[in-house]
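Q: Pasting in a structure now, in structure tokens, and then I'll have a few things to ask.
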Amino acid sequence: MKLFTIHNLNGGYGKEAVIRDFSIQINQGDFIGIIGPNGSGKTTLLRLLTRVLRPHSGKLFFEDKDLTHLSLKEFCRKVAFVSQDIPIHFPISVFEMVLMGRTPHLKRLQKHSHKDYRIAEESLSKTDALHLRNNKIDELSAGERQRVMIAKALAQTPVLLFLDEPTSHLDIGHQIQIMNLIQKLNRHNGVTVVLVLHDLNLAGEYCSRLILMNEGNIFREGTVEEVLTYQNIEEVYKTIVVVKENPISQKPYVILVSGEK
């Protein structure tokens, strides 16, 4: 079932169009990875889809409703966005941070209810971060903070979750933890996921569909096997690679080739 439809989207910063004539359909249950070199428009695309930026032109439909007819509050009740890791320098507690995710569900001046507190706790539990509830957010490790920010997004009770490089600045162990968590939310909690990733092998291992971007548009879209070919990667990234099959998952695995022999 189609969830989010993007048709001929154009947008960027000021008058500059970073994204040009972008069209794609996001279906319920998708786990979509957006990949591409630096400057290809990945983060800008997410900002346009999550209404952080206003499009120059094009049409966006969420659950068959034109986004121009949907208030930001209504939109945020069903769509959540986890941006790149941003340092937090104020001593708010983890639980208070996650509780902020309930804001779109509150009326003006309305206080949090027992239901809001329960959902915040459940969100922390789903991200294996409940034991951190009383910790200060600015005292957490990068991996812990990322789990808390995902919990905050889950507190919105979204059907669609956007994430911008959720594994950036994390070591390989924490990268796998975060990706396993996102995969679990997709498979067992029914959350549709669209995320930007730099690591092609993480994208290939976890995503069901990939969008390879180049110069603000789609270079190739399809299954992992269709997108992660050495021809596509060399054309877009301008570097030589070898693509093999992971012997365990049977997914494509990208191997870098050094320029020095």
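How things are named: the first chain in the structure tokens is A, the next is B, and so on; residues count from 1 in each chain; ligands count from 1 in the order shown.
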Using DSSP assignments from the backbone, pull out every residue in region 25-76 of chain A that falls under strand (DSSP E) and give it to me as a list in words.

A: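 Answer for region 25-76 of chain A, restricted to strand (DSSP E): Gln25, Ile26, Asn27, Phe31, Ile32, Gly33, Ile34, Ile35, Ser57, Gly58, Lys59, Leu60, Phe61, Phe62, Lys65 and Asp66 of chain A.
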
Q: Taking 5 positions as the minimum chain separation for residues in the same chain, which residues sit within 10 Å of region 45-48 of chain A when counting only C-alpha atoms? Answer as an MDAnalysis selection string.

A: chainID A and resid 9:12 18:20 22 34 40 53:56 60 81 83 162:164 194:196 216:217

Q: Could you pull the residues within 7 Å of Leu210 (chain A), counting only C-alpha atoms, minus those fewer than 2 positions along the same chain, as a count of residues only?

A: 11

Q: Determine, counting only C-alpha atoms, which protein, DNA and RNA residues have an atom within 10 Å of an atom of Leu185 (chain A); residues of the same chain fewer than 6 positions away are not included. Present the result as a ChimeraX atom specification.

A: /A:126-127,154,161,179,191-193

Q: Restricting it to all heavy atoms, dump the selection as a compact mmCIF listing (two decimals), in the first residue's frame.

A:
```txt
# COMPACT_ATOMS: atom_id res chain seq x y z
N LYS A 126 11.80 -0.09 23.79
CA LYS A 126 11.99 -0.64 22.44
C LYS A 126 13.41 -0.38 21.93
O LYS A 126 13.94 -1.15 21.13
CB LYS A 126 10.98 -0.03 21.48
CG LYS A 126 9.56 -0.54 21.66
CD LYS A 126 8.60 0.18 20.73
CE LYS A 126 7.17 -0.29 20.96
NZ LYS A 126 6.21 0.48 20.13
N THR A 127 14.01 0.69 22.40
CA THR A 127 15.37 1.04 21.95
C THR A 127 16.44 0.60 22.96
O THR A 127 17.59 1.03 22.88
CB THR A 127 15.49 2.55 21.70
OG1 THR A 127 15.16 3.25 22.91
CG2 THR A 127 14.55 2.99 20.60
N LEU A 154 10.11 7.61 18.17
CA LEU A 154 9.09 6.58 18.34
C LEU A 154 7.94 7.06 19.23
O LEU A 154 6.80 6.61 19.08
CB LEU A 154 9.71 5.31 18.94
CG LEU A 154 10.64 4.51 18.03
CD1 LEU A 154 11.12 3.26 18.76
CD2 LEU A 154 9.93 4.13 16.75
N LEU A 161 9.29 6.63 9.46
CA LEU A 161 10.45 7.15 10.18
C LEU A 161 11.56 7.46 9.19
O LEU A 161 12.02 6.60 8.44
CB LEU A 161 10.93 6.11 11.20
CG LEU A 161 12.19 6.44 12.01
CD1 LEU A 161 11.98 7.69 12.86
CD2 LEU A 161 12.58 5.25 12.89
N MET A 179 21.55 -0.34 13.57
CA MET A 179 20.89 -0.89 12.40
C MET A 179 20.00 -2.08 12.75
O MET A 179 18.91 -2.24 12.17
CB MET A 179 21.93 -1.29 11.34
CG MET A 179 22.67 -0.12 10.72
SD MET A 179 21.58 1.10 9.93
CE MET A 179 20.86 0.13 8.62
N VAL A 191 6.98 -0.16 11.35
CA VAL A 191 7.37 1.20 11.00
C VAL A 191 8.06 1.20 9.64
O VAL A 191 9.02 0.48 9.42
CB VAL A 191 8.32 1.80 12.07
CG1 VAL A 191 8.72 3.23 11.68
CG2 VAL A 191 7.66 1.80 13.44
N THR A 192 7.56 2.01 8.73
CA THR A 192 8.20 2.18 7.43
C THR A 192 9.43 3.07 7.63
O THR A 192 9.36 4.09 8.30
CB THR A 192 7.24 2.83 6.43
OG1 THR A 192 6.09 1.97 6.29
CG2 THR A 192 7.89 3.02 5.07
N VAL A 193 10.55 2.67 7.04
CA VAL A 193 11.83 3.35 7.30
C VAL A 193 12.45 3.86 6.00
O VAL A 193 12.51 3.13 5.00
CB VAL A 193 12.82 2.38 8.00
CG1 VAL A 193 14.20 3.03 8.10
CG2 VAL A 193 12.31 1.99 9.38
```

Q: Taking only C-alpha atoms into account, which of A:Ile233, A:Leu109, A:Leu202, A:Met100 comes nearest Asn214 (chain A)?

A: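 Among A:Ile233, A:Leu109, A:Leu202, A:Met100, it is A:Ile233 that comes nearest to Asn214 (chain A).
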
Q: Counting only C-alpha atoms, what is within 7 Å of Asn8 (chain A), bar same-chain residues fewer than 2 positions away, as number ranges by chain?

A: A: 6, 10, 21-23, 58-59

Q: Restrict the selected residues to N, CA, C and O atoms and save them as a PDB file, in the first residue's frame.

A:
```pdb
ATOM      1  N   ILE A   6       6.008  11.088  -3.949  1.00  0.00           N
ATOM      2  CA  ILE A   6       6.744  12.302  -4.302  1.00  0.00           C
ATOM      3  C   ILE A   6       6.735  12.415  -5.818  1.00  0.00           C
ATOM      4  O   ILE A   6       7.161  11.488  -6.517  1.00  0.00           O
ATOM      5  N   ASN A  10      11.163  19.593  -6.608  1.00  0.00           N
ATOM      6  CA  ASN A  10      12.314  20.470  -6.802  1.00  0.00           C
ATOM      7  C   ASN A  10      12.473  21.321  -5.550  1.00  0.00           C
ATOM      8  O   ASN A  10      11.485  21.827  -5.001  1.00  0.00           O
ATOM      9  N   ASP A  21      13.371  17.492 -10.069  1.00  0.00           N
ATOM     10  CA  ASP A  21      12.432  16.547 -10.704  1.00  0.00           C
ATOM     11  C   ASP A  21      12.507  15.150 -10.086  1.00  0.00           C
ATOM     12  O   ASP A  21      12.589  14.135 -10.782  1.00  0.00           O
ATOM     13  N   PHE A  22      12.462  15.117  -8.771  1.00  0.00           N
ATOM     14  CA  PHE A  22      12.604  13.852  -8.025  1.00  0.00           C
ATOM     15  C   PHE A  22      11.225  13.226  -7.829  1.00  0.00           C
ATOM     16  O   PHE A  22      10.309  13.868  -7.311  1.00  0.00           O
ATOM     17  N   SER A  23      11.071  11.976  -8.245  1.00  0.00           N
ATOM     18  CA  SER A  23       9.801  11.259  -8.091  1.00  0.00           C
ATOM     19  C   SER A  23      10.057   9.859  -7.548  1.00  0.00           C
ATOM     20  O   SER A  23      10.933   9.146  -8.052  1.00  0.00           O
ATOM     21  N   GLY A  58       6.531  20.889  -7.166  1.00  0.00           N
ATOM     22  CA  GLY A  58       6.303  19.454  -7.049  1.00  0.00           C
ATOM     23  C   GLY A  58       5.167  19.146  -6.110  1.00  0.00           C
ATOM     24  O   GLY A  58       4.607  20.040  -5.458  1.00  0.00           O
ATOM     25  N   LYS A  59       4.813  17.874  -6.041  1.00  0.00           N
ATOM     26  CA  LYS A  59       3.695  17.436  -5.208  1.00  0.00           C
ATOM     27  C   LYS A  59       4.148  16.346  -4.233  1.00  0.00           C
ATOM     28  O   LYS A  59       4.876  15.427  -4.606  1.00  0.00           O
TER      29      LYS A  59
END
```

Q: Write down as JSON, numbers by chain the residues belonging to region 95-221 of chain A that are assigned helix (DSSP H, G or I) by DSSP computed on the backbone.

A: {"A": [95, 96, 97, 98, 99, 100, 101, 102, 103, 104, 105, 114, 115, 116, 117, 118, 119, 120, 121, 122, 123, 124, 125, 126, 130, 131, 132, 137, 138, 139, 142, 143, 144, 145, 146, 147, 148, 149, 150, 151, 152, 153, 154, 172, 173, 174, 175, 176, 177, 178, 179, 180, 181, 182, 183, 184, 185, 186, 187, 188, 200, 201, 202, 203, 204, 205, 206]}

Q: Could you state the separation of CA of Asn134 (chain A) and CA of Arg187 (chain A) in Å, given to one decimal place?

A: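 Between CA of Asn134 (chain A) and CA of Arg187 (chain A) the gap works out to 29.2 Å.
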
Q: For each of A:His169, A:His114, A:His198, A:Arg51, take the minimum atom-to-atom distance to Thr68 (chain A), counting only C-alpha atoms, then give the residue where this is smallest.

A: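 Residue with the minimum atom-to-atom distance to Thr68 (chain A): A:Arg51.
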
Q: Pick the closest to Thr103 (chain A) from A:Lys152, A:Arg147, A:Arg118, A:Arg133: which is it, counting only C-alpha atoms?

A: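 Smallest separation from Thr103 (chain A) among the options: A:Lys152.
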
Q: List the spatial neighbours of Val94 (chain A) as an mmCIF file with all heavy atoms, in the first residue's frame - criterion: any atom at most 12 Å away, only C-alpha atoms, same-chain residues fewer than 3 positions off excluded.

A:
```cif
data_model
loop_
_atom_site.group_PDB
_atom_site.id
_atom_site.type_symbol
_atom_site.label_atom_id
_atom_site.label_comp_id
_atom_site.auth_asym_id
_atom_site.auth_seq_id
_atom_site.Cartn_x
_atom_site.Cartn_y
_atom_site.Cartn_z
ATOM 1 N N ILE A 88 24.552 17.876 22.248
ATOM 2 C CA ILE A 88 23.579 18.516 23.139
ATOM 3 C C ILE A 88 24.307 18.960 24.388
ATOM 4 O O ILE A 88 24.952 18.169 25.066
ATOM 5 C CB ILE A 88 22.438 17.533 23.498
ATOM 6 C CG1 ILE A 88 21.718 17.093 22.203
ATOM 7 C CG2 ILE A 88 21.454 18.176 24.466
ATOM 8 C CD1 ILE A 88 20.726 15.987 22.405
ATOM 9 N N PHE A 90 22.912 20.779 27.094
ATOM 10 C CA PHE A 90 22.080 21.205 28.212
ATOM 11 C C PHE A 90 21.635 19.966 28.988
ATOM 12 O O PHE A 90 21.378 18.913 28.403
ATOM 13 C CB PHE A 90 20.873 22.031 27.739
ATOM 14 C CG PHE A 90 20.076 21.408 26.628
ATOM 15 C CD1 PHE A 90 18.984 20.606 26.895
ATOM 16 C CD2 PHE A 90 20.428 21.632 25.296
ATOM 17 C CE1 PHE A 90 18.245 20.041 25.868
ATOM 18 C CE2 PHE A 90 19.691 21.066 24.263
ATOM 19 C CZ PHE A 90 18.597 20.272 24.559
ATOM 20 N N PRO A 91 21.535 20.077 30.311
ATOM 21 C CA PRO A 91 21.357 18.893 31.174
ATOM 22 C C PRO A 91 19.913 18.433 31.338
ATOM 23 O O PRO A 91 19.412 18.280 32.445
ATOM 24 C CB PRO A 91 21.944 19.366 32.507
ATOM 25 C CG PRO A 91 21.634 20.825 32.540
ATOM 26 C CD PRO A 91 21.747 21.307 31.117
ATOM 27 N N MET A 97 13.621 14.269 27.413
ATOM 28 C CA MET A 97 13.887 14.384 25.986
ATOM 29 C C MET A 97 12.911 13.524 25.178
ATOM 30 O O MET A 97 12.315 13.972 24.194
ATOM 31 C CB MET A 97 15.328 13.971 25.681
ATOM 32 C CG MET A 97 15.687 13.930 24.197
ATOM 33 S SD MET A 97 15.552 15.526 23.375
ATOM 34 C CE MET A 97 17.041 16.337 23.991
ATOM 35 N N VAL A 98 12.728 12.277 25.601
ATOM 36 C CA VAL A 98 11.836 11.368 24.878
ATOM 37 C C VAL A 98 10.393 11.849 24.973
ATOM 38 O O VAL A 98 9.621 11.755 24.007
ATOM 39 C CB VAL A 98 11.987 9.934 25.418
ATOM 40 C CG1 VAL A 98 10.969 8.995 24.781
ATOM 41 C CG2 VAL A 98 13.398 9.426 25.158
ATOM 42 N N LEU A 99 10.018 12.406 26.106
ATOM 43 C CA LEU A 99 8.657 12.898 26.309
ATOM 44 C C LEU A 99 8.322 14.031 25.335
ATOM 45 O O LEU A 99 7.151 14.250 25.002
ATOM 46 C CB LEU A 99 8.480 13.364 27.753
ATOM 47 C CG LEU A 99 7.053 13.446 28.317
ATOM 48 C CD1 LEU A 99 6.331 12.110 28.202
ATOM 49 C CD2 LEU A 99 7.098 13.909 29.770
ATOM 50 N N MET A 100 9.345 14.745 24.871
ATOM 51 C CA MET A 100 9.121 15.807 23.882
ATOM 52 C C MET A 100 8.501 15.258 22.600
ATOM 53 O O MET A 100 7.845 15.991 21.856
ATOM 54 C CB MET A 100 10.434 16.504 23.555
ATOM 55 C CG MET A 100 10.965 17.398 24.646
ATOM 56 S SD MET A 100 12.515 18.204 24.105
ATOM 57 C CE MET A 100 12.927 19.129 25.573
ATOM 58 N N GLY A 101 8.726 13.966 22.343
ATOM 59 C CA GLY A 101 8.134 13.357 21.158
ATOM 60 C C GLY A 101 6.624 13.308 21.190
ATOM 61 O O GLY A 101 5.979 13.121 20.151
ATOM 62 N N ALA A 120 6.243 7.048 26.296
ATOM 63 C CA ALA A 120 7.663 7.416 26.399
ATOM 64 C C ALA A 120 8.476 6.268 26.987
ATOM 65 O O ALA A 120 9.579 5.952 26.503
ATOM 66 C CB ALA A 120 7.817 8.668 27.242
ATOM 67 N N GLU A 121 7.950 5.619 28.010
ATOM 68 C CA GLU A 121 8.642 4.478 28.611
ATOM 69 C C GLU A 121 8.748 3.322 27.628
ATOM 70 O O GLU A 121 9.790 2.674 27.522
ATOM 71 C CB GLU A 121 7.916 4.035 29.879
ATOM 72 C CG GLU A 121 8.132 4.947 31.074
ATOM 73 C CD GLU A 121 7.696 4.300 32.381
ATOM 74 O OE1 GLU A 121 7.104 3.196 32.340
ATOM 75 O OE2 GLU A 121 7.950 4.892 33.438
ATOM 76 N N SER A 123 8.791 3.505 24.422
ATOM 77 C CA SER A 123 9.738 3.877 23.369
ATOM 78 C C SER A 123 11.174 3.660 23.822
ATOM 79 O O SER A 123 12.013 3.161 23.063
ATOM 80 C CB SER A 123 9.528 5.339 22.965
ATOM 81 O OG SER A 123 8.223 5.532 22.457
ATOM 82 N N LEU A 124 11.456 4.015 25.069
ATOM 83 C CA LEU A 124 12.788 3.763 25.628
ATOM 84 C C LEU A 124 13.056 2.268 25.737
ATOM 85 O O LEU A 124 14.172 1.807 25.490
ATOM 86 C CB LEU A 124 12.918 4.419 26.996
ATOM 87 C CG LEU A 124 13.211 5.922 26.992
ATOM 88 C CD1 LEU A 124 13.020 6.504 28.387
ATOM 89 C CD2 LEU A 124 14.633 6.188 26.505
ATOM 90 N N ALA A 129 16.879 1.439 25.998
ATOM 91 C CA ALA A 129 17.448 2.605 26.668
ATOM 92 C C ALA A 129 16.681 2.986 27.930
ATOM 93 O O ALA A 129 16.915 4.061 28.490
ATOM 94 C CB ALA A 129 17.472 3.785 25.705
ATOM 95 N N LEU A 130 15.794 2.108 28.395
ATOM 96 C CA LEU A 130 14.983 2.445 29.569
ATOM 97 C C LEU A 130 15.852 2.662 30.807
ATOM 98 O O LEU A 130 15.538 3.498 31.657
ATOM 99 C CB LEU A 130 13.942 1.345 29.830
ATOM 100 C CG LEU A 130 12.910 1.632 30.924
ATOM 101 C CD1 LEU A 130 12.136 2.921 30.619
ATOM 102 C CD2 LEU A 130 11.946 0.453 31.060
ATOM 103 N N HIS A 131 16.958 1.928 30.894
ATOM 104 C CA HIS A 131 17.843 2.069 32.053
ATOM 105 C C HIS A 131 18.539 3.427 32.093
ATOM 106 O O HIS A 131 19.122 3.813 33.117
ATOM 107 C CB HIS A 131 18.905 0.956 32.046
ATOM 108 C CG HIS A 131 19.853 1.025 30.887
ATOM 109 N ND1 HIS A 131 19.483 0.696 29.603
ATOM 110 C CD2 HIS A 131 21.156 1.407 30.821
ATOM 111 C CE1 HIS A 131 20.519 0.848 28.797
ATOM 112 N NE2 HIS A 131 21.543 1.282 29.509
ATOM 113 N N LEU A 132 18.423 4.188 30.994
ATOM 114 C CA LEU A 132 19.058 5.511 30.926
ATOM 115 C C LEU A 132 18.086 6.639 31.263
ATOM 116 O O LEU A 132 18.480 7.810 31.211
ATOM 117 C CB LEU A 132 19.617 5.750 29.511
ATOM 118 C CG LEU A 132 20.674 4.774 29.000
ATOM 119 C CD1 LEU A 132 20.944 5.030 27.520
ATOM 120 C CD2 LEU A 132 21.954 4.890 29.812
ATOM 121 N N ARG A 133 16.861 6.319 31.620
ATOM 122 C CA ARG A 133 15.808 7.333 31.709
ATOM 123 C C ARG A 133 16.161 8.513 32.617
ATOM 124 O O ARG A 133 15.752 9.641 32.342
ATOM 125 C CB ARG A 133 14.485 6.706 32.171
ATOM 126 C CG ARG A 133 14.513 6.040 33.528
ATOM 127 C CD ARG A 133 13.104 5.615 33.944
ATOM 128 N NE ARG A 133 12.246 6.775 34.139
ATOM 129 C CZ ARG A 133 10.922 6.727 34.111
ATOM 130 N NH1 ARG A 133 10.296 5.577 33.903
ATOM 131 N NH2 ARG A 133 10.204 7.817 34.308
ATOM 132 N N ASN A 134 16.911 8.291 33.674
ATOM 133 C CA ASN A 134 17.238 9.372 34.612
ATOM 134 C C ASN A 134 18.590 10.032 34.334
ATOM 135 O O ASN A 134 18.963 10.989 35.005
ATOM 136 C CB ASN A 134 17.204 8.850 36.049
ATOM 137 C CG ASN A 134 15.807 8.407 36.460
ATOM 138 O OD1 ASN A 134 14.816 9.043 36.106
ATOM 139 N ND2 ASN A 134 15.720 7.294 37.198
ATOM 140 N N ASN A 135 19.307 9.515 33.347
ATOM 141 C CA ASN A 135 20.601 10.106 32.990
ATOM 142 C C ASN A 135 20.399 11.433 32.272
ATOM 143 O O ASN A 135 19.355 11.688 31.665
ATOM 144 C CB ASN A 135 21.397 9.161 32.094
ATOM 145 C CG ASN A 135 21.860 7.918 32.818
ATOM 146 O OD1 ASN A 135 21.103 7.285 33.540
ATOM 147 N ND2 ASN A 135 23.103 7.552 32.604
ATOM 148 N N LYS A 136 21.403 12.284 32.311
ATOM 149 C CA LYS A 136 21.374 13.532 31.559
ATOM 150 C C LYS A 136 21.794 13.256 30.118
ATOM 151 O O LYS A 136 22.768 12.548 29.860
ATOM 152 C CB LYS A 136 22.295 14.571 32.199
ATOM 153 C CG LYS A 136 21.928 14.926 33.644
ATOM 154 C CD LYS A 136 20.515 15.487 33.744
ATOM 155 C CE LYS A 136 20.178 15.863 35.178
ATOM 156 N NZ LYS A 136 18.773 16.334 35.316
ATOM 157 N N ILE A 137 21.070 13.842 29.187
ATOM 158 C CA ILE A 137 21.300 13.556 27.777
ATOM 159 C C ILE A 137 22.694 13.966 27.330
ATOM 160 O O ILE A 137 23.304 13.327 26.466
ATOM 161 C CB ILE A 137 20.222 14.256 26.905
ATOM 162 C CG1 ILE A 137 20.282 13.792 25.455
ATOM 163 C CG2 ILE A 137 20.319 15.763 27.005
ATOM 164 C CD1 ILE A 137 19.750 12.415 25.208
ATOM 165 N N ASP A 138 23.254 15.022 27.943
ATOM 166 C CA ASP A 138 24.566 15.501 27.528
ATOM 167 C C ASP A 138 25.709 14.689 28.113
ATOM 168 O O ASP A 138 26.881 14.965 27.835
ATOM 169 C CB ASP A 138 24.735 16.984 27.876
ATOM 170 C CG ASP A 138 24.606 17.252 29.369
ATOM 171 O OD1 ASP A 138 23.959 16.446 30.064
ATOM 172 O OD2 ASP A 138 25.146 18.266 29.844
ATOM 173 N N GLU A 139 25.378 13.672 28.914
ATOM 174 C CA GLU A 139 26.404 12.824 29.503
ATOM 175 C C GLU A 139 26.481 11.449 28.847
ATOM 176 O O GLU A 139 27.273 10.604 29.255
ATOM 177 C CB GLU A 139 26.140 12.658 31.005
ATOM 178 C CG GLU A 139 26.217 13.978 31.788
ATOM 179 C CD GLU A 139 25.815 13.815 33.242
ATOM 180 O OE1 GLU A 139 25.335 12.707 33.598
ATOM 181 O OE2 GLU A 139 25.970 14.779 34.019
ATOM 182 N N LEU A 140 25.677 11.227 27.823
ATOM 183 C CA LEU A 140 25.619 9.913 27.179
ATOM 184 C C LEU A 140 26.695 9.775 26.108
ATOM 185 O O LEU A 140 27.187 10.749 25.552
ATOM 186 C CB LEU A 140 24.245 9.707 26.534
ATOM 187 C CG LEU A 140 23.015 9.789 27.434
ATOM 188 C CD1 LEU A 140 21.765 9.522 26.609
ATOM 189 C CD2 LEU A 140 23.101 8.817 28.604
ATOM 190 N N GLU A 144 24.523 5.716 22.812
ATOM 191 C CA GLU A 144 23.390 5.846 23.726
ATOM 192 C C GLU A 144 22.492 6.999 23.310
ATOM 193 O O GLU A 144 21.262 6.876 23.317
ATOM 194 C CB GLU A 144 23.894 6.066 25.158
ATOM 195 C CG GLU A 144 24.553 4.847 25.779
ATOM 196 C CD GLU A 144 25.216 5.170 27.108
ATOM 197 O OE1 GLU A 144 25.604 6.346 27.331
ATOM 198 O OE2 GLU A 144 25.365 4.241 27.923
ATOM 199 N N ARG A 145 23.102 8.119 22.949
ATOM 200 C CA ARG A 145 22.319 9.290 22.555
ATOM 201 C C ARG A 145 21.513 9.005 21.282
ATOM 202 O O ARG A 145 20.358 9.447 21.161
ATOM 203 C CB ARG A 145 23.233 10.493 22.352
ATOM 204 C CG ARG A 145 22.479 11.794 22.121
ATOM 205 C CD ARG A 145 23.340 13.009 22.346
ATOM 206 N NE ARG A 145 24.515 13.023 21.500
ATOM 207 C CZ ARG A 145 25.766 12.950 21.945
ATOM 208 N NH1 ARG A 145 26.016 12.841 23.249
ATOM 209 N NH2 ARG A 145 26.789 12.981 21.109
ATOM 210 N N GLN A 146 22.094 8.256 20.362
ATOM 211 C CA GLN A 146 21.367 7.928 19.140
ATOM 212 C C GLN A 146 20.140 7.069 19.450
ATOM 213 O O GLN A 146 19.065 7.273 18.869
ATOM 214 C CB GLN A 146 22.291 7.214 18.156
ATOM 215 C CG GLN A 146 21.742 7.106 16.744
ATOM 216 C CD GLN A 146 21.620 8.435 16.045
ATOM 217 O OE1 GLN A 146 20.834 9.290 16.441
ATOM 218 N NE2 GLN A 146 22.387 8.627 14.993
ATOM 219 N N ARG A 147 20.281 6.105 20.374
ATOM 220 C CA ARG A 147 19.142 5.288 20.756
ATOM 221 C C ARG A 147 18.047 6.133 21.407
ATOM 222 O O ARG A 147 16.854 5.913 21.187
ATOM 223 C CB ARG A 147 19.574 4.167 21.717
ATOM 224 C CG ARG A 147 20.488 3.143 21.098
ATOM 225 C CD ARG A 147 20.386 1.772 21.750
ATOM 226 N NE ARG A 147 20.567 1.790 23.183
ATOM 227 C CZ ARG A 147 21.728 1.688 23.799
ATOM 228 N NH1 ARG A 147 22.842 1.598 23.079
ATOM 229 N NH2 ARG A 147 21.812 1.662 25.111
ATOM 230 N N VAL A 148 18.458 7.118 22.199
ATOM 231 C CA VAL A 148 17.483 8.003 22.862
ATOM 232 C C VAL A 148 16.752 8.859 21.830
ATOM 233 O O VAL A 148 15.528 9.043 21.921
ATOM 234 C CB VAL A 148 18.186 8.884 23.909
ATOM 235 C CG1 VAL A 148 17.238 9.967 24.429
ATOM 236 C CG2 VAL A 148 18.680 8.027 25.071
ATOM 237 N N MET A 149 17.474 9.376 20.831
ATOM 238 C CA MET A 149 16.820 10.208 19.822
ATOM 239 C C MET A 149 15.867 9.391 18.954
ATOM 240 O O MET A 149 14.825 9.894 18.518
ATOM 241 C CB MET A 149 17.873 10.904 18.952
ATOM 242 C CG MET A 149 18.813 11.831 19.724
ATOM 243 S SD MET A 149 17.964 12.944 20.890
ATOM 244 C CE MET A 149 17.108 14.028 19.742
ATOM 245 N N ILE A 150 16.180 8.124 18.740
ATOM 246 C CA ILE A 150 15.246 7.245 18.033
ATOM 247 C C ILE A 150 14.030 6.983 18.915
ATOM 248 O O ILE A 150 12.887 6.957 18.435
ATOM 249 C CB ILE A 150 15.929 5.935 17.613
ATOM 250 C CG1 ILE A 150 17.017 6.222 16.559
ATOM 251 C CG2 ILE A 150 14.920 4.940 17.050
ATOM 252 C CD1 ILE A 150 17.854 5.013 16.189
ATOM 253 N N ALA A 151 14.239 6.820 20.222
ATOM 254 C CA ALA A 151 13.124 6.645 21.157
ATOM 255 C C ALA A 151 12.218 7.867 21.146
ATOM 256 O O ALA A 151 10.988 7.743 21.189
ATOM 257 C CB ALA A 151 13.649 6.382 22.569
ATOM 258 N N LYS A 152 12.806 9.051 21.087
ATOM 259 C CA LYS A 152 12.013 10.288 21.013
ATOM 260 C C LYS A 152 11.136 10.295 19.762
ATOM 261 O O LYS A 152 9.959 10.676 19.798
ATOM 262 C CB LYS A 152 12.943 11.498 21.016
ATOM 263 C CG LYS A 152 12.243 12.844 20.860
ATOM 264 C CD LYS A 152 13.259 13.969 20.929
ATOM 265 C CE LYS A 152 12.605 15.328 20.676
ATOM 266 N NZ LYS A 152 12.276 15.499 19.242
#
```
